[in-house]
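Colleague: This is my_file27.cif (mmCIF, C-alpha atoms).
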```cif
data_run
#
loop_
_atom_site.group_PDB
_atom_site.id
_atom_site.type_symbol
_atom_site.label_atom_id
_atom_site.label_comp_id
_atom_site.auth_asym_id
_atom_site.auth_seq_id
_atom_site.Cartn_x
_atom_site.Cartn_y
_atom_site.Cartn_z
ATOM 1 C CA MET A 1 88.617 101.960 117.380
ATOM 2 C CA LYS A 2 91.368 104.600 117.508
ATOM 3 C CA ARG A 3 91.459 107.099 114.683
ATOM 4 C CA VAL A 4 94.773 108.822 113.970
ATOM 5 C CA MET A 5 95.183 112.081 112.076
ATOM 6 C CA ALA A 6 98.495 113.062 110.483
ATOM 7 C CA GLN A 7 99.114 116.163 108.436
ATOM 8 C CA GLY A 8 101.742 117.658 106.204
ATOM 9 C CA VAL A 9 102.678 119.024 102.830
ATOM 10 C CA PHE A 10 103.958 115.738 101.320
ATOM 11 C CA ASP A 11 105.611 117.420 98.352
ATOM 12 C CA ILE A 12 108.012 114.931 96.737
ATOM 13 C CA LEU A 13 107.412 111.842 98.856
ATOM 14 C CA HIS A 14 110.472 110.281 100.441
ATOM 15 C CA SER A 15 111.383 107.688 103.068
ATOM 16 C CA GLY A 16 110.927 110.183 105.914
ATOM 17 C CA HIS A 17 107.271 110.620 104.888
ATOM 18 C CA LEU A 18 106.815 106.844 104.745
ATOM 19 C CA TYR A 19 108.277 106.532 108.225
ATOM 20 C CA TYR A 20 106.065 109.314 109.629
ATOM 21 C CA LEU A 21 102.894 107.804 108.181
ATOM 22 C CA SER A 22 103.844 104.227 109.139
ATOM 23 C CA GLU A 23 104.570 105.248 112.732
ATOM 24 C CA SER A 24 101.324 107.236 112.822
ATOM 25 C CA ALA A 25 99.350 104.242 111.521
ATOM 26 C CA LYS A 26 100.757 102.022 114.292
ATOM 27 C CA LEU A 27 99.029 104.203 116.902
ATOM 28 C CA GLY A 28 95.502 103.271 115.830
ATOM 29 C CA GLU A 29 93.275 101.292 113.516
ATOM 30 C CA GLU A 30 92.586 104.107 111.015
ATOM 31 C CA LEU A 31 94.952 106.705 109.586
ATOM 32 C CA HIS A 32 93.531 109.855 108.049
ATOM 33 C CA VAL A 33 95.931 112.350 106.485
ATOM 34 C CA VAL A 34 95.351 116.068 105.982
ATOM 35 C CA ILE A 35 97.246 117.521 103.040
ATOM 36 C CA ALA A 36 98.274 121.171 103.375
ATOM 37 C CA ARG A 37 96.524 123.454 100.911
ATOM 38 C CA ASP A 38 98.640 125.246 98.329
ATOM 39 C CA SER A 39 97.157 128.560 99.480
ATOM 40 C CA ARG A 40 98.382 128.003 103.055
ATOM 41 C CA ILE A 41 101.958 127.072 102.182
ATOM 42 C CA LYS A 42 102.826 128.928 98.976
ATOM 43 C CA ASP A 43 104.449 131.801 100.895
ATOM 44 C CA ARG A 44 106.647 129.423 102.930
ATOM 45 C CA LYS A 45 107.480 126.637 100.519
ATOM 46 C CA ASN A 46 108.376 126.206 96.894
ATOM 47 C CA ILE A 47 105.846 123.537 95.927
ATOM 48 C CA PHE A 48 106.637 121.099 93.105
ATOM 49 C CA MET A 49 103.308 119.230 93.140
ATOM 50 C CA GLU A 50 99.862 120.774 93.422
ATOM 51 C CA GLU A 51 97.576 119.853 96.306
ATOM 52 C CA ASN A 52 95.263 117.397 94.532
ATOM 53 C CA GLU A 53 98.179 115.408 93.157
ATOM 54 C CA ARG A 54 99.788 115.260 96.611
ATOM 55 C CA ARG A 55 96.478 114.103 98.107
ATOM 56 C CA GLU A 56 95.978 111.374 95.490
ATOM 57 C CA ILE A 57 99.466 109.975 96.028
ATOM 58 C CA VAL A 58 99.164 109.907 99.821
ATOM 59 C CA GLU A 59 95.695 108.359 99.665
ATOM 60 C CA ALA A 60 97.047 105.537 97.472
ATOM 61 C CA MET A 61 99.418 104.443 100.231
ATOM 62 C CA GLU A 62 98.420 101.174 101.874
ATOM 63 C CA MET A 63 98.548 102.443 105.473
ATOM 64 C CA VAL A 64 96.317 105.467 104.725
ATOM 65 C CA ASN A 65 92.540 105.097 105.088
ATOM 66 C CA SER A 66 91.813 108.528 103.662
ATOM 67 C CA ALA A 67 93.567 111.710 102.625
ATOM 68 C CA ILE A 68 91.760 115.037 102.502
ATOM 69 C CA LEU A 69 92.772 118.551 101.626
ATOM 70 C CA GLY A 70 93.081 120.810 104.641
ATOM 71 C CA SER A 71 90.627 123.600 105.238
ATOM 72 C CA GLU A 72 90.923 127.084 103.803
ATOM 73 C CA GLY A 73 89.368 128.266 107.095
ATOM 74 C CA SER A 74 90.254 127.223 110.626
ATOM 75 C CA LEU A 75 92.965 124.667 111.198
ATOM 76 C CA PHE A 76 90.471 122.864 113.423
ATOM 77 C CA ASP A 77 87.973 122.271 110.573
ATOM 78 C CA SER A 78 89.869 119.092 109.644
ATOM 79 C CA VAL A 79 89.869 117.941 113.268
ATOM 80 C CA LYS A 80 86.091 118.379 113.356
ATOM 81 C CA LYS A 81 85.702 116.435 110.107
ATOM 82 C CA ILE A 82 88.001 113.521 111.035
ATOM 83 C CA GLU A 83 87.284 113.345 114.800
ATOM 84 C CA PRO A 84 90.666 111.811 115.684
ATOM 85 C CA ASP A 85 91.668 110.233 118.979
ATOM 86 C CA ILE A 86 95.321 111.002 118.215
ATOM 87 C CA ILE A 87 96.999 113.719 116.151
ATOM 88 C CA THR A 88 100.556 113.011 115.101
ATOM 89 C CA LEU A 89 103.201 115.591 114.332
ATOM 90 C CA GLY A 90 106.378 115.065 112.380
ATOM 91 C CA TYR A 91 109.637 115.698 114.197
ATOM 92 C CA ASP A 92 110.132 118.959 112.260
ATOM 93 C CA GLN A 93 106.598 120.351 112.433
ATOM 94 C CA GLU A 94 106.716 123.599 114.371
ATOM 95 C CA PHE A 95 103.923 122.929 116.860
ATOM 96 C CA ASP A 96 104.270 123.029 120.630
ATOM 97 C CA ILE A 97 102.439 119.882 121.811
ATOM 98 C CA ASN A 98 101.193 121.392 125.085
ATOM 99 C CA LEU A 99 99.981 124.570 123.385
ATOM 100 C CA LEU A 100 98.230 122.559 120.664
ATOM 101 C CA GLU A 101 96.508 120.340 123.252
ATOM 102 C CA ASP A 102 95.348 123.487 125.113
ATOM 103 C CA GLN A 103 94.042 125.018 121.868
ATOM 104 C CA LEU A 104 92.194 121.800 121.032
ATOM 105 C CA ARG A 105 90.512 121.776 124.464
ATOM 106 C CA GLU A 106 89.596 125.472 124.152
ATOM 107 C CA ALA A 107 88.023 124.705 120.752
ATOM 108 C CA GLY A 108 85.927 121.953 122.381
ATOM 109 C CA PHE A 109 87.964 118.906 121.353
ATOM 110 C CA ILE A 110 88.343 116.890 124.537
ATOM 111 C CA GLY A 111 90.597 113.868 124.907
ATOM 112 C CA ILE A 112 92.660 114.183 121.747
ATOM 113 C CA GLU A 113 96.233 113.057 122.337
ATOM 114 C CA VAL A 114 99.020 114.781 120.412
ATOM 115 C CA VAL A 115 102.078 112.634 119.634
ATOM 116 C CA ARG A 116 105.307 113.748 117.981
ATOM 117 C CA VAL A 117 106.832 111.041 115.782
ATOM 118 C CA LYS A 118 110.586 110.867 116.290
ATOM 119 C CA LYS A 119 113.047 111.674 113.542
ATOM 120 C CA TYR A 120 113.744 109.004 110.960
ATOM 121 C CA GLU A 121 117.407 108.150 111.394
ATOM 122 C CA ARG A 122 118.717 106.892 108.099
ATOM 123 C CA GLU A 123 121.185 108.095 105.507
ATOM 124 C CA GLY A 124 119.930 109.772 102.359
ATOM 125 C CA LEU A 125 117.747 112.641 101.259
ATOM 126 C CA ARG A 126 114.977 112.575 103.864
ATOM 127 C CA SER A 127 113.364 115.924 103.261
ATOM 128 C CA SER A 128 111.589 117.456 100.314
ATOM 129 C CA SER A 129 113.692 120.607 100.739
ATOM 130 C CA ARG A 130 116.929 118.620 100.502
ATOM 131 C CA ILE A 131 115.689 116.762 97.427
ATOM 132 C CA LYS A 132 114.659 120.038 95.752
ATOM 133 C CA GLY A 133 118.018 121.584 96.640
ATOM 134 C CA ASN A 134 119.805 118.586 95.157
ATOM 135 C CA ILE A 135 117.749 118.888 91.963
ATOM 136 C CA ARG A 136 118.521 122.614 91.732
ATOM 137 C CA SER A 137 122.244 122.015 92.258
ATOM 138 C CA LYS A 138 122.192 119.565 89.351
ATOM 139 C CA GLU A 139 120.453 121.983 86.971
ATOM 140 C CA GLY A 140 122.322 122.057 83.725
ATOM 141 C CA GLU A 141 123.688 118.575 84.298
ATOM 142 C CA GLU A 142 122.067 115.693 82.519
ATOM 143 C CA ILE A 143 120.379 113.899 85.424
ATOM 144 C CA PHE A 144 117.580 112.187 83.512
ATOM 145 C CA PHE A 145 118.311 109.693 80.780
ATOM 146 C CA SER A 146 116.118 108.373 78.035
ATOM 147 C CA ARG A 147 115.987 104.623 77.408
ATOM 148 C CA LYS A 148 118.130 105.022 74.289
ATOM 149 C CA GLU A 149 120.904 106.708 76.280
ATOM 150 C CA ARG A 150 121.112 104.019 78.975
ATOM 151 C CA LYS A 151 123.749 101.367 78.543
ATOM 152 C CA ILE A 152 122.579 97.897 79.400
ATOM 153 C CA SER A 153 125.311 95.547 80.547
#
```
Would you kindly transcribe this structure into structure tokens?

Modeller:
Amino acid sequence: MKRVMAQGVFDILHSGHLYYLSESAKLGEELHVVIARDSRIKDRKNIFMEENERREIVEAMEMVNSAILGSEGSLFDSVKKIEPDIITLGYDQEFDINLLEDQLREAGFIGIEVVRVKKYEREGLRSSSRIKGNIRSKEGEEIFFSRKERKIS
């Protein structure tokens, strides 16, 4: 049975995330997802949702067998815990596949394949950063409506 490990921030889920996880799930029989810890990403990203909420939402997805929070220690702690046959990377994750495979071997993880999932080609807001930027650009505009304000035709 092939076990696949995917990882990411997954702040504000969108169709690109669904594509990444669906494509990852197709590579094996089990999909385990590592959610980036707030402490590891807070300096690089403006996070809308805290780590436990992001984990709960990803774990509720049908194609996901489990979702765990990443380690506060070594990046390889999650690899040790999950014991994947395949690690998937999103098209925009800044890892060099060959370097990562070398680092995995040096850390004692033999035979793990690293696969980059291709970019999801579809119109729309396919990144959390774009969605957040769109929300910020609409600040001051009324973008959310209560039920009373909606007109039903």

Colleague: Quick one: residues within 12 Å of A:His17, all atoms listed in the file counted, chain neighbours fewer than 4 positions away excluded, as number ranges by chain?

Modeller: A: 6-13, 21-24, 33, 57-58, 61, 63, 89-92, 117-120, 125-128

Colleague: Looking at A:Lys81, A:Ile87, A:Arg116, A:Ala67, which one is nearest to A:Arg54, with distances taken over all atoms listed in the file?

Modeller: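 Closest to A:Arg54, using all atoms listed in the file: A:Ala67.
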
Colleague: May I ask for the distance between atom CA of A:Phe95 and atom CA of A:Val115, given in Å to one decimal place?

Modeller: 10.8 Å

Colleague: With only C-alpha atoms as the basis for distance, which of A:Val114, A:Leu100, A:Ile35, A:Met5 is at the shortest distance from A:Glu59?

Modeller: A:Ile35

Colleague: Of the residues A:Lys2, A:His32, A:Lys26, A:Arg40, which is the one nearest to A:Ser74, using only C-alpha atoms?

Modeller: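 Under the stated criterion, the closest residue is A:Arg40.
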
Colleague: How far is it from atom CA of A:Ser66 to atom CA of A:Glu30, in Å with one decimal?

Modeller: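 It comes out at 8.6 Å.
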
Colleague: Apply the PyMOL selection byres ((chain A and resi 105-109) around 9) to the file shown and report the selected residues as a short mmCIF file (atom, residue, chain, number, x, y, z; two decimals) with C-alpha atoms, in the frame of the given file.

Modeller:
```cif
data_model
loop_
_atom_site.label_atom_id
_atom_site.label_comp_id
_atom_site.auth_asym_id
_atom_site.auth_seq_id
_atom_site.Cartn_x
_atom_site.Cartn_y
_atom_site.Cartn_z
CA PHE A 76 90.47 122.86 113.42
CA VAL A 79 89.87 117.94 113.27
CA LYS A 80 86.09 118.38 113.36
CA GLU A 83 87.28 113.34 114.80
CA LEU A 100 98.23 122.56 120.66
CA GLU A 101 96.51 120.34 123.25
CA ASP A 102 95.35 123.49 125.11
CA GLN A 103 94.04 125.02 121.87
CA LEU A 104 92.19 121.80 121.03
CA ILE A 110 88.34 116.89 124.54
CA GLY A 111 90.60 113.87 124.91
CA ILE A 112 92.66 114.18 121.75
#
```
